Amino acid sequence: MSFMNLALVGGAAAAAIPILVHLISKSQHREVKWGAMHLIELTLKSQQRRLRFEHWLLMLLRCAIPILLALCMARPILKGTAALWSNAKTSLLVVLDNSYSLDFKGAGGTNFEKARDTAAELVQKLQRGSDVNVVLMSDPKTPLYDTSVFNTEAVAEELQAMQAGFGQAQVSTALEHGAEQLLSMNHPHREVVLISDFQRISWPTEEGEAALRTRVGQQLQGLEMPPNLTLFHVGVEGRENVCVETVSTSHLLLGINQTVTVQASLRNYGERNHEALRVIFHADGKPVDEQQIPLGAGERRQVRFRHSFDTPGSHVIEVATDADSLKADNIFRASIPVWDKVPVLVINGAPDTEPLKGETDFLQIALQPYREGGEPDLVDLLESRIINVADFNAAALGDTRVVVLANVSQLQRSQLNELQTFVKDGGGLMIFGGDQLDKRWYNEQLLPYGLLPARLGEVADKRNDPEPFTRMVVQRFDHPALKIFSNPRNGDLASAEVRQWHRTVEDPDNELVRPLARLETGDAFLLEKIYGNGRVLFCATACDDAWSSLPLRPFFVPFSQRLCTYLASSVMPSRNLGVNEKAVAHFPTDQAGQEVMVTDTENEQYTLLIELRGGRGVATFEETARPGLYTMKGPTGEAIHFVVNTPRSESDLKQLTQEERRGVAAAMNADLVQDLGEYRDLDHTRRFGQEIWKPIFALVLFFLFFELWLERRMARQRVSG
Amino acid sequence: MAPLTDMLQPEELQSIANLQLMAKQTVEGAITGMHRSPHKGFSVEFAQHREYVQGDEIRRVDWKVFAKTDRYFVREYEEETNLRAMLLVDASGSMGYAGESGQTKLQHALKLAACLAHIIMRQSDSIGLMTFDTDIRTHIPPRSSNRHLRVLYEEMLHTQPGGETDLSKVFHDIVPRLQKRGMIFILSDCFTDVKELLKSLAHFRHASHEVVIFHVMDRDEVEFPFDAWTRFENLELAGEFRMVDPTSFRAAYLDNFAKFTAALKEGCQRHRIDLVPMYTHESLTDCLARFLRQRQGVA
């Protein structure tokens, strides 16, 4: 126990006053010569024990009252060591929830305005010399300041200028990064204040998430100088919200004048039914279509738009609704590249001059059906180029998006290095099997290089079996490359007879590899592996008709096209980003070192340099914290559009209940507050400990009344019997 | 002679002048004044001579005077009471308590005794005085002469409080000394064991005495008004004292005092003894008036 006014504890010496008064009054007694002594003796005899007890009790009460009063005035504190921090400077880490759900506007402004004002006031009230840093929950890896700052006024101003709408809250990650920030902060007295709307989706109460938060809480407490963790609930729960959940397109790669179907999914998280919700479709910023749909409370509904672009390059589509005040999820944008050509380099491992006997003859027809079919008016999207193995080198790669190894026995080491770099930087590699494959080389060279999805086994041969072939297992395909074959009208993959194929030894623990299709024997037919920024697909059989009837089936054209466009689409870094994902664009190597201009959602412009990386020019823009449209213009003036969409998980505005919030706080060993007054009380208690003068004062009052009552009782009491 | 005015204020004398003492019981001897007596009797105290008139008894003629003067004279005697009253005044130490009035209980009791003596003598009854503490200090037998009254006053004036009290023992000692039955006035604070006291009073009643107790009390003893620590020193036993905080003590004391007076009252009623409370702060007139009203009510 410690005291705020220690000197006043000396007032407890006043306990001597009743004793002194007693002694003085006893010594200054009155003397009476008395006749009725027998009555006095009689009274003393019958009442002496009671009187003595009551006198002692009265004396104790009278002594206790000044002692307790002195304690009250000295303001005792139960938490002794806390007094050390009473005037200490503080290191304050504000973990601010700036996810877009806080943009919900209730009475008196948005929830984020309340959150940021709260944070600003906390910072402003800090003791001079305190330092502060801010971690934003939608971008926890990047604190507001590289190191904590002492200019609290500036921090408060910056906080007050902040806006919400920055993606999803990452609670545990934010606290983990907050803990790292704390290590470099300056004062031993540390406070972590997490300000959030406690949206249910960001604060799941499921066991795993709860355990994670608990672990983070323990991690904070385990720091050398553990902070006080306070969870600060702000804002009101939104009752109305409609969001555009997703926008998807029918094409992986879109060519000029190809009609793309845009499918948008809208969901009503609110409690109000919308009879005719207006949904608007924009292309390149211009409204091109509009639909009105009914959307009841809690319902989800799809809307489709069709559109085509007549120019190649980067285009932006947008599906929007104007249902409510939470704008961040009312719009969903997508960046769609429209291609003129997609270069595909096919390396032929078994060339043959006889028609359709070469390894790649069927494949070439499938990749360029119009050109091979003599259709001059139609243009193929894919532009394939066939070379022999010996001709493969860096120069041959050029601006190739996809490399196809068709029954290639092996590659030289330099060729292998070029191919590895190509895939690592986002290129697509398609490997077809065949009788020429050097299994040993594949397993000992290509596999360690990371370019083979699985170790090759023996070649399976069904030709001598009673049923001399096997088939692909047709199922519902979720993979974008095969998705269209879930519908039999787009081709029946099971119609192909596979007589020979490479068995593979799959590693179920390798998360980078997944089978896309299997044969009826259970062997993998098509395997995918992610390597670096690129992808590798391995087809267990050959792309000619030696091992299967695959190229003879009608689906072979769309099958080959889908696989190549899928691989090509991964070459181009994604232009549809999440919050804080980097925007990356590739440029020709000869443009390396030149500048590109980026315009962000606020029309602010940034200049970047194209760097030479992995045999190509790369420009990277990292300031994508705000959802919206970012435009990058390269040296040739070509515009590349990146769109950043907020994750829609925060569209459900339901918050944790007060009871749940209490549970979360308890699990994290944190305190929960609702307003600044409550926080100030809590802070005061932490700094000064728990003041207990109030209960002591109540005890004083009780003793006073008890003393009065006892004295009167002693004066009036009638002895019974 | 110590005149009554030495002890009583003039107004007190005037007040008591018209008081009539009524004897409750029939006393021995002839009725004189307002008293009734079952016995014939005459006085032996000579008063004066007067000439014989027809109708006087021959035997009352003073023949010696006739021999000297040759005239008939009849001897007249002082009328002698048939009421023999005895004043028993408690002069123990406890009667020496003086409260706010500054007058001790003994002084107040002696004043009352003087009044009673004056009244009784006016009625030509005889009155005696006995003072006591643990033993009888003085004993003046009852007589009815003015000279005797003076003797009583003298004794009263010189009586001082002191010594312990043992009322029951003293009363048992007194009873054999009272040869004729009569009226006993006890003036005391009765601070002794009530049971023993009542036994000794019963002794008086067995000897056919009529007993009146003037219970002399000071207001302090009744109300116990002390509020600071007080050292109560025993008036009857030098050196004995008790330190008491009266604030917490009062209730119990008053309770015991009430029990004491109640027991005394109940005992007196049982033995047909008149108990007259008498407070030092009250006037004697009030006290006597109360006493006589009480007696008229009973008679």
# chains A, B, ... in the order shown; residues from 1 in each chain; ligands from 1
$ select_by_dssp --residues "stretch 60-291 of chain B" --states "strand (DSSP E or B)" --output "mmCIF file with C-alpha atoms, in the first residue's frame"
data_model
loop_
_atom_site.group_PDB
_atom_site.id
_atom_site.type_symbol
_atom_site.label_atom_id
_atom_site.label_comp_id
_atom_site.auth_asym_id
_atom_site.auth_seq_id
_atom_site.Cartn_x
_atom_site.Cartn_y
_atom_site.Cartn_z
ATOM 1 C CA VAL B 61 -60.000 21.532 96.177
ATOM 2 C CA PHE B 73 -59.274 27.188 95.456
ATOM 3 C CA VAL B 74 -59.132 24.456 92.992
ATOM 4 C CA ARG B 75 -55.770 23.206 91.585
ATOM 5 C CA GLU B 76 -55.478 23.253 87.858
ATOM 6 C CA TYR B 77 -52.922 21.063 86.054
ATOM 7 C CA ARG B 84 -46.362 9.856 72.705
ATOM 8 C CA ALA B 85 -44.398 10.709 69.635
ATOM 9 C CA MET B 86 -40.787 9.865 69.035
ATOM 10 C CA LEU B 87 -38.556 11.408 66.427
ATOM 11 C CA LEU B 88 -35.876 9.021 65.210
ATOM 12 C CA VAL B 89 -33.369 11.025 63.212
ATOM 13 C CA ASP B 90 -30.715 9.233 61.179
ATOM 14 C CA ALA B 98 -25.524 18.174 50.371
ATOM 15 C CA THR B 104 -27.433 18.444 54.025
ATOM 16 C CA SER B 126 -45.448 14.592 74.175
ATOM 17 C CA ILE B 127 -42.544 14.316 71.844
ATOM 18 C CA GLY B 128 -39.132 12.755 72.221
ATOM 19 C CA LEU B 129 -35.997 12.596 70.079
ATOM 20 C CA MET B 130 -33.517 9.961 69.287
ATOM 21 C CA THR B 131 -30.521 10.402 66.988
ATOM 22 C CA PHE B 132 -28.448 7.517 65.818
ATOM 23 C CA ILE B 136 -28.152 5.429 69.448
ATOM 24 C CA ARG B 137 -26.384 8.713 69.942
ATOM 25 C CA THR B 138 -28.909 10.608 71.992
ATOM 26 C CA HIS B 139 -32.175 9.645 73.552
ATOM 27 C CA ILE B 140 -34.573 12.297 74.875
ATOM 28 C CA PRO B 141 -37.776 10.672 76.121
ATOM 29 C CA PRO B 142 -41.097 12.212 75.164
ATOM 30 C CA ARG B 143 -42.449 15.075 77.224
ATOM 31 C CA MET B 183 -45.989 7.271 67.117
ATOM 32 C CA ILE B 184 -42.550 6.866 65.604
ATOM 33 C CA PHE B 185 -41.283 9.381 63.075
ATOM 34 C CA ILE B 186 -38.229 8.073 61.306
ATOM 35 C CA LEU B 187 -36.262 10.595 59.289
ATOM 36 C CA SER B 188 -33.656 8.766 57.293
ATOM 37 C CA GLU B 210 -47.411 3.699 64.478
ATOM 38 C CA VAL B 211 -44.493 4.341 62.124
ATOM 39 C CA VAL B 212 -44.048 7.138 59.671
ATOM 40 C CA ILE B 213 -40.881 7.222 57.572
ATOM 41 C CA PHE B 214 -39.769 10.449 56.034
ATOM 42 C CA HIS B 215 -37.511 9.177 53.275
ATOM 43 C CA VAL B 216 -34.987 11.939 52.954
ATOM 44 C CA MET B 217 -33.381 12.181 49.530
ATOM 45 C CA THR B 230 -16.475 11.544 39.237
ATOM 46 C CA ARG B 231 -14.781 10.256 42.313
ATOM 47 C CA PHE B 232 -17.525 9.246 44.713
ATOM 48 C CA GLU B 233 -16.142 9.278 48.239
ATOM 49 C CA ASN B 234 -17.997 7.372 50.874
ATOM 50 C CA PHE B 241 -14.159 5.840 46.925
ATOM 51 C CA ARG B 242 -15.221 4.792 43.454
ATOM 52 C CA MET B 243 -14.201 6.360 40.099
ATOM 53 C CA VAL B 244 -17.138 6.294 37.789
ATOM 54 C CA ASP B 274 -46.447 5.571 56.013
ATOM 55 C CA LEU B 275 -43.572 6.297 53.648
ATOM 56 C CA VAL B 276 -43.268 9.955 52.813
ATOM 57 C CA PRO B 277 -40.679 10.879 50.195
ATOM 58 C CA MET B 278 -38.877 14.013 51.168
ATOM 59 C CA TYR B 279 -36.519 15.917 48.942
#
$ closest_atom_pairs --of "chain A" --to "chain B" --cutoff "12 Å" --atoms "only C-alpha atoms" --output "CSV"
residue,atom,partner,partner_atom,distance
A:Val21,CA,B:Trp229,CA,11.3
A:His22,CA,B:Trp229,CA,9.1
A:Leu23,CA,B:Trp229,CA,10.0
A:Ile24,CA,B:Trp229,CA,9.8
A:Ser25,CA,B:Trp229,CA,6.4
A:Lys26,CA,B:Trp229,CA,5.5
A:Ser27,CA,B:Trp229,CA,8.4
A:Gln28,CA,B:Trp229,CA,7.8
A:His29,CA,B:Trp229,CA,4.9
A:Arg30,CA,B:Thr230,CA,4.6
A:Glu31,CA,B:Arg231,CA,4.7
A:Val32,CA,B:Phe232,CA,4.9
A:Lys33,CA,B:Glu233,CA,4.6
A:Trp34,CA,B:Asn234,CA,5.4
A:Gly35,CA,B:Ser94,CA,3.9
A:Ala36,CA,B:Phe191,CA,6.4
A:Met37,CA,B:Asn234,CA,6.2
A:His38,CA,B:Phe191,CA,7.3
A:Leu39,CA,B:Asn256,CA,6.6
A:Ile40,CA,B:Tyr253,CA,6.6
A:Glu41,CA,B:Arg242,CA,8.3
A:Leu42,CA,B:Asn256,CA,7.6
A:Thr43,CA,B:Tyr253,CA,5.6
A:Leu44,CA,B:Phe249,CA,8.3
A:Lys45,CA,B:Ala252,CA,10.7
A:Ser46,CA,B:Ala252,CA,8.7
A:Gln47,CA,B:Ala252,CA,7.4
A:Gln48,CA,B:Phe249,CA,9.4
A:Arg50,CA,B:Ser248,CA,10.2
A:Leu51,CA,B:Ser248,CA,7.2
A:Arg52,CA,B:Ser248,CA,10.0
A:Phe53,CA,B:Ser248,CA,11.4
A:Glu54,CA,B:Ser248,CA,8.7
A:His55,CA,B:Ser248,CA,8.4
A:Leu58,CA,B:Ser248,CA,10.7
A:Leu710,CA,B:Ser248,CA,9.8
A:Glu711,CA,B:Ser248,CA,7.4
A:Arg712,CA,B:Ser248,CA,8.5
A:Arg713,CA,B:Ser248,CA,8.4
A:Met714,CA,B:Ser248,CA,4.9
A:Ala715,CA,B:Ser248,CA,4.7
A:Arg716,CA,B:Ala251,CA,5.5
A:Gln717,CA,B:Ala251,CA,5.8
A:Arg718,CA,B:Ala251,CA,6.0
A:Val719,CA,B:Ala252,CA,6.2
A:Ser720,CA,B:Asp255,CA,9.3
A:Gly721,CA,B:Asp255,CA,10.2
$ atom_distance --atom1 "atom CA of A:Asn388" --atom2 "atom CA of A:Asn348"
5.2 Å
$ residues_around --residues "stretch 178-194 of chain A" --least-positions-apart "3" --cutoff "6 Å" --atoms "only C-alpha atoms" --output "list in words"
Thr90, Ser91, Leu92, Leu93, Val94, Val95, Leu96, Ala174, Leu175, Pro227, Asn228, Leu229, Thr230, Leu231 and Phe232 of chain A
$ atom_distance --atom1 "atom CA of A:Asn257" --atom2 "atom CA of A:Asp310"
5.0 Å
$ residues_around --residues "A:Arg215" --least-positions-apart "2" --cutoff "12 Å" --atoms "only C-alpha atoms" --output "PyMOL selection string"
chain A and resi 172-173+175-176+207-213+217-222+664+667-669
$ residues_around --residues "B:His203" --least-positions-apart "2" --cutoff "12 Å" --atoms "only C-alpha atoms" --output "mmCIF file with all heavy atoms, in the first residue's frame"
data_model
loop_
_atom_site.group_PDB
_atom_site.id
_atom_site.type_symbol
_atom_site.label_atom_id
_atom_site.label_comp_id
_atom_site.auth_asym_id
_atom_site.auth_seq_id
_atom_site.Cartn_x
_atom_site.Cartn_y
_atom_site.Cartn_z
ATOM 1 N N SER B 168 -31.185 -1.279 60.748
ATOM 2 C CA SER B 168 -31.947 -2.393 61.318
ATOM 3 C C SER B 168 -31.479 -2.724 62.744
ATOM 4 O O SER B 168 -32.306 -2.934 63.647
ATOM 5 C CB SER B 168 -31.821 -3.618 60.421
ATOM 6 O OG SER B 168 -30.470 -3.925 60.224
ATOM 7 N N LYS B 169 -30.179 -2.687 62.931
ATOM 8 C CA LYS B 169 -29.658 -2.963 64.286
ATOM 9 C C LYS B 169 -30.128 -1.898 65.276
ATOM 10 O O LYS B 169 -30.623 -2.199 66.372
ATOM 11 C CB LYS B 169 -28.134 -2.998 64.241
ATOM 12 C CG LYS B 169 -27.458 -3.126 65.589
ATOM 13 C CD LYS B 169 -25.956 -3.037 65.451
ATOM 14 C CE LYS B 169 -25.284 -2.910 66.818
ATOM 15 N NZ LYS B 169 -25.587 -1.653 67.495
ATOM 16 N N VAL B 170 -29.999 -0.664 64.843
ATOM 17 C CA VAL B 170 -30.393 0.442 65.740
ATOM 18 C C VAL B 170 -31.877 0.346 66.077
ATOM 19 O O VAL B 170 -32.289 0.505 67.232
ATOM 20 C CB VAL B 170 -30.068 1.787 65.076
ATOM 21 C CG1 VAL B 170 -30.621 2.942 65.895
ATOM 22 C CG2 VAL B 170 -28.575 1.943 64.928
ATOM 23 N N PHE B 171 -32.687 0.082 65.047
ATOM 24 C CA PHE B 171 -34.131 0.044 65.301
ATOM 25 C C PHE B 171 -34.484 -1.104 66.261
ATOM 26 O O PHE B 171 -35.352 -0.946 67.117
ATOM 27 C CB PHE B 171 -34.889 -0.117 63.973
ATOM 28 C CG PHE B 171 -34.861 1.131 63.113
ATOM 29 C CD1 PHE B 171 -35.283 1.116 61.794
ATOM 30 C CD2 PHE B 171 -34.425 2.354 63.647
ATOM 31 C CE1 PHE B 171 -35.270 2.258 61.015
ATOM 32 C CE2 PHE B 171 -34.398 3.497 62.850
ATOM 33 C CZ PHE B 171 -34.810 3.454 61.550
ATOM 34 N N HIS B 172 -33.796 -2.242 66.063
ATOM 35 C CA HIS B 172 -34.044 -3.339 67.004
ATOM 36 C C HIS B 172 -33.662 -2.933 68.421
ATOM 37 O O HIS B 172 -34.328 -3.329 69.401
ATOM 38 C CB HIS B 172 -33.243 -4.590 66.587
ATOM 39 C CG HIS B 172 -33.857 -5.312 65.432
ATOM 40 N ND1 HIS B 172 -35.149 -5.800 65.455
ATOM 41 C CD2 HIS B 172 -33.366 -5.634 64.202
ATOM 42 C CE1 HIS B 172 -35.425 -6.389 64.302
ATOM 43 N NE2 HIS B 172 -34.353 -6.283 63.506
ATOM 44 N N ASP B 173 -32.602 -2.113 68.518
ATOM 45 C CA ASP B 173 -32.183 -1.652 69.850
ATOM 46 C C ASP B 173 -33.172 -0.657 70.447
ATOM 47 O O ASP B 173 -33.353 -0.584 71.684
ATOM 48 C CB ASP B 173 -30.804 -0.983 69.770
ATOM 49 C CG ASP B 173 -29.714 -1.997 69.467
ATOM 50 O OD1 ASP B 173 -29.991 -3.213 69.591
ATOM 51 O OD2 ASP B 173 -28.604 -1.584 69.042
ATOM 52 N N ILE B 174 -33.774 0.120 69.571
ATOM 53 C CA ILE B 174 -34.654 1.197 70.051
ATOM 54 C C ILE B 174 -35.962 0.642 70.615
ATOM 55 O O ILE B 174 -36.485 1.128 71.627
ATOM 56 C CB ILE B 174 -34.920 2.205 68.907
ATOM 57 C CG1 ILE B 174 -33.632 2.989 68.595
ATOM 58 C CG2 ILE B 174 -36.051 3.158 69.254
ATOM 59 C CD1 ILE B 174 -33.720 3.872 67.369
ATOM 60 N N VAL B 175 -36.473 -0.382 69.960
ATOM 61 C CA VAL B 175 -37.817 -0.863 70.313
ATOM 62 C C VAL B 175 -37.982 -1.128 71.823
ATOM 63 O O VAL B 175 -38.960 -0.639 72.440
ATOM 64 C CB VAL B 175 -38.163 -2.132 69.498
ATOM 65 C CG1 VAL B 175 -39.490 -2.742 69.973
ATOM 66 C CG2 VAL B 175 -38.251 -1.802 68.016
ATOM 67 N N PRO B 176 -37.071 -1.821 72.486
ATOM 68 C CA PRO B 176 -37.268 -2.081 73.929
ATOM 69 C C PRO B 176 -37.244 -0.809 74.764
ATOM 70 O O PRO B 176 -37.751 -0.777 75.888
ATOM 71 C CB PRO B 176 -36.085 -2.979 74.282
ATOM 72 C CG PRO B 176 -35.481 -3.417 73.009
ATOM 73 C CD PRO B 176 -35.874 -2.441 71.998
ATOM 74 N N LEU B 178 -38.637 1.978 74.080
ATOM 75 C CA LEU B 178 -39.903 2.718 74.014
ATOM 76 C C LEU B 178 -40.922 1.922 74.828
ATOM 77 O O LEU B 178 -41.456 0.913 74.370
ATOM 78 C CB LEU B 178 -40.369 2.839 72.553
ATOM 79 C CG LEU B 178 -39.370 3.537 71.601
ATOM 80 C CD1 LEU B 178 -39.888 3.495 70.163
ATOM 81 C CD2 LEU B 178 -39.144 4.983 72.030
ATOM 82 N N ILE B 184 -43.980 6.777 65.880
ATOM 83 C CA ILE B 184 -42.550 6.866 65.604
ATOM 84 C C ILE B 184 -42.368 7.591 64.262
ATOM 85 O O ILE B 184 -42.921 7.172 63.248
ATOM 86 C CB ILE B 184 -41.921 5.451 65.467
ATOM 87 C CG1 ILE B 184 -42.276 4.540 66.630
ATOM 88 C CG2 ILE B 184 -40.411 5.549 65.287
ATOM 89 C CD1 ILE B 184 -41.714 4.961 67.953
ATOM 90 N N GLU B 196 -33.561 -6.096 55.608
ATOM 91 C CA GLU B 196 -33.245 -5.995 57.038
ATOM 92 C C GLU B 196 -33.974 -4.811 57.659
ATOM 93 O O GLU B 196 -34.471 -4.879 58.789
ATOM 94 C CB GLU B 196 -31.729 -5.856 57.230
ATOM 95 C CG GLU B 196 -30.953 -7.100 56.842
ATOM 96 C CD GLU B 196 -31.380 -8.313 57.650
ATOM 97 O OE1 GLU B 196 -31.587 -8.199 58.875
ATOM 98 O OE2 GLU B 196 -31.536 -9.395 57.027
ATOM 99 N N LEU B 197 -34.019 -3.741 56.894
ATOM 100 C CA LEU B 197 -34.705 -2.538 57.394
ATOM 101 C C LEU B 197 -36.179 -2.837 57.665
ATOM 102 O O LEU B 197 -36.739 -2.454 58.708
ATOM 103 C CB LEU B 197 -34.562 -1.419 56.355
ATOM 104 C CG LEU B 197 -35.303 -0.120 56.659
ATOM 105 C CD1 LEU B 197 -34.739 0.542 57.931
ATOM 106 C CD2 LEU B 197 -35.220 0.859 55.498
ATOM 107 N N LEU B 198 -36.794 -3.524 56.731
ATOM 108 C CA LEU B 198 -38.222 -3.812 56.883
ATOM 109 C C LEU B 198 -38.470 -4.756 58.080
ATOM 110 O O LEU B 198 -39.492 -4.624 58.772
ATOM 111 C CB LEU B 198 -38.766 -4.432 55.598
ATOM 112 C CG LEU B 198 -38.850 -3.453 54.413
ATOM 113 C CD1 LEU B 198 -39.198 -4.183 53.123
ATOM 114 C CD2 LEU B 198 -39.883 -2.353 54.696
ATOM 115 N N LYS B 199 -37.517 -5.650 58.305
ATOM 116 C CA LYS B 199 -37.670 -6.519 59.474
ATOM 117 C C LYS B 199 -37.669 -5.702 60.765
ATOM 118 O O LYS B 199 -38.474 -5.927 61.674
ATOM 119 C CB LYS B 199 -36.506 -7.533 59.521
ATOM 120 C CG LYS B 199 -36.671 -8.703 58.597
ATOM 121 C CD LYS B 199 -35.481 -9.647 58.771
ATOM 122 C CE LYS B 199 -35.528 -10.722 57.695
ATOM 123 N NZ LYS B 199 -34.277 -11.506 57.708
ATOM 124 N N SER B 200 -36.745 -4.755 60.833
ATOM 125 C CA SER B 200 -36.668 -3.948 62.047
ATOM 126 C C SER B 200 -37.899 -3.053 62.183
ATOM 127 O O SER B 200 -38.394 -2.807 63.295
ATOM 128 C CB SER B 200 -35.386 -3.121 62.038
ATOM 129 O OG SER B 200 -35.399 -2.255 60.922
ATOM 130 N N LEU B 201 -38.415 -2.573 61.055
ATOM 131 C CA LEU B 201 -39.641 -1.753 61.133
ATOM 132 C C LEU B 201 -40.824 -2.608 61.595
ATOM 133 O O LEU B 201 -41.710 -2.128 62.314
ATOM 134 C CB LEU B 201 -39.931 -1.160 59.744
ATOM 135 C CG LEU B 201 -38.915 -0.102 59.271
ATOM 136 C CD1 LEU B 201 -39.196 0.298 57.830
ATOM 137 C CD2 LEU B 201 -38.953 1.129 60.174
ATOM 138 N N ARG B 205 -43.756 -2.344 64.585
ATOM 139 C CA ARG B 205 -45.182 -2.583 64.421
ATOM 140 C C ARG B 205 -45.672 -3.647 65.389
ATOM 141 O O ARG B 205 -46.804 -3.557 65.898
ATOM 142 C CB ARG B 205 -45.467 -3.055 62.973
ATOM 143 C CG ARG B 205 -45.212 -2.000 61.914
ATOM 144 C CD ARG B 205 -46.165 -0.835 62.023
ATOM 145 N NE ARG B 205 -47.523 -1.230 61.708
ATOM 146 C CZ ARG B 205 -48.627 -0.653 62.195
ATOM 147 N NH1 ARG B 205 -48.508 0.351 63.071
ATOM 148 N NH2 ARG B 205 -49.814 -1.072 61.864
ATOM 149 N N HIS B 206 -44.813 -4.592 65.684
ATOM 150 C CA HIS B 206 -45.194 -5.600 66.674
ATOM 151 C C HIS B 206 -45.398 -4.973 68.046
ATOM 152 O O HIS B 206 -46.231 -5.431 68.836
ATOM 153 C CB HIS B 206 -44.115 -6.692 66.761
ATOM 154 C CG HIS B 206 -44.230 -7.703 65.661
ATOM 155 N ND1 HIS B 206 -45.359 -8.478 65.462
ATOM 156 C CD2 HIS B 206 -43.362 -8.066 64.681
ATOM 157 C CE1 HIS B 206 -45.189 -9.263 64.417
ATOM 158 N NE2 HIS B 206 -43.977 -9.015 63.912
ATOM 159 N N ALA B 207 -44.639 -3.935 68.281
ATOM 160 C CA ALA B 207 -44.786 -3.233 69.576
ATOM 161 C C ALA B 207 -45.900 -2.209 69.513
ATOM 162 O O ALA B 207 -46.002 -1.335 70.379
ATOM 163 C CB ALA B 207 -43.464 -2.555 69.933
ATOM 164 N N SER B 208 -46.713 -2.301 68.498
ATOM 165 C CA SER B 208 -47.920 -1.481 68.319
ATOM 166 C C SER B 208 -47.617 -0.008 68.109
ATOM 167 O O SER B 208 -48.429 0.869 68.448
ATOM 168 C CB SER B 208 -48.880 -1.657 69.513
ATOM 169 O OG SER B 208 -49.249 -2.990 69.648
ATOM 170 N N HIS B 209 -46.463 0.280 67.630
ATOM 171 C CA HIS B 209 -46.149 1.673 67.309
ATOM 172 C C HIS B 209 -46.648 1.989 65.903
ATOM 173 O O HIS B 209 -46.646 1.123 65.029
ATOM 174 C CB HIS B 209 -44.633 1.897 67.350
ATOM 175 C CG HIS B 209 -44.034 1.698 68.715
ATOM 176 N ND1 HIS B 209 -44.304 2.531 69.795
ATOM 177 C CD2 HIS B 209 -43.174 0.753 69.190
ATOM 178 C CE1 HIS B 209 -43.647 2.096 70.864
ATOM 179 N NE2 HIS B 209 -42.947 0.997 70.522
ATOM 180 N N GLU B 210 -47.099 3.220 65.832
ATOM 181 C CA GLU B 210 -47.411 3.699 64.478
ATOM 182 C C GLU B 210 -46.140 4.323 63.919
ATOM 183 O O GLU B 210 -45.484 5.115 64.605
ATOM 184 C CB GLU B 210 -48.529 4.733 64.498
ATOM 185 C CG GLU B 210 -48.927 5.147 63.112
ATOM 186 C CD GLU B 210 -50.041 6.217 63.115
ATOM 187 O OE1 GLU B 210 -50.500 6.572 64.230
ATOM 188 O OE2 GLU B 210 -50.410 6.689 62.031
ATOM 189 N N VAL B 211 -45.788 3.919 62.689
ATOM 190 C CA VAL B 211 -44.493 4.341 62.124
ATOM 191 C C VAL B 211 -44.715 5.189 60.860
ATOM 192 O O VAL B 211 -45.506 4.826 59.999
ATOM 193 C CB VAL B 211 -43.622 3.125 61.783
ATOM 194 C CG1 VAL B 211 -42.270 3.579 61.220
ATOM 195 C CG2 VAL B 211 -43.419 2.246 62.997
ATOM 196 N N HIS B 271 -46.359 -3.421 55.706
ATOM 197 C CA HIS B 271 -46.363 -3.294 57.183
ATOM 198 C C HIS B 271 -47.202 -2.121 57.657
ATOM 199 O O HIS B 271 -47.132 -1.764 58.842
ATOM 200 C CB HIS B 271 -44.922 -3.134 57.690
ATOM 201 C CG HIS B 271 -44.080 -4.358 57.489
ATOM 202 N ND1 HIS B 271 -44.314 -5.559 58.115
ATOM 203 C CD2 HIS B 271 -43.004 -4.577 56.693
ATOM 204 C CE1 HIS B 271 -43.424 -6.457 57.736
ATOM 205 N NE2 HIS B 271 -42.616 -5.888 56.844
ATOM 206 N N ILE B 273 -46.953 1.018 57.070
ATOM 207 C CA ILE B 273 -46.082 2.121 57.498
ATOM 208 C C ILE B 273 -46.208 3.226 56.460
ATOM 209 O O ILE B 273 -46.194 2.945 55.256
ATOM 210 C CB ILE B 273 -44.615 1.636 57.586
ATOM 211 C CG1 ILE B 273 -44.480 0.592 58.692
ATOM 212 C CG2 ILE B 273 -43.663 2.786 57.793
ATOM 213 C CD1 ILE B 273 -43.167 -0.136 58.699
#
$ select_by_dssp --residues "stretch 3-155 of chain A" --states "alpha helix (DSSP H)" --output "count of residues only"
68
$ residues_around --residues "A:Ser495" --least-positions-apart "3" --cutoff "9 Å" --atoms "only C-alpha atoms" --output "count of residues only"
7
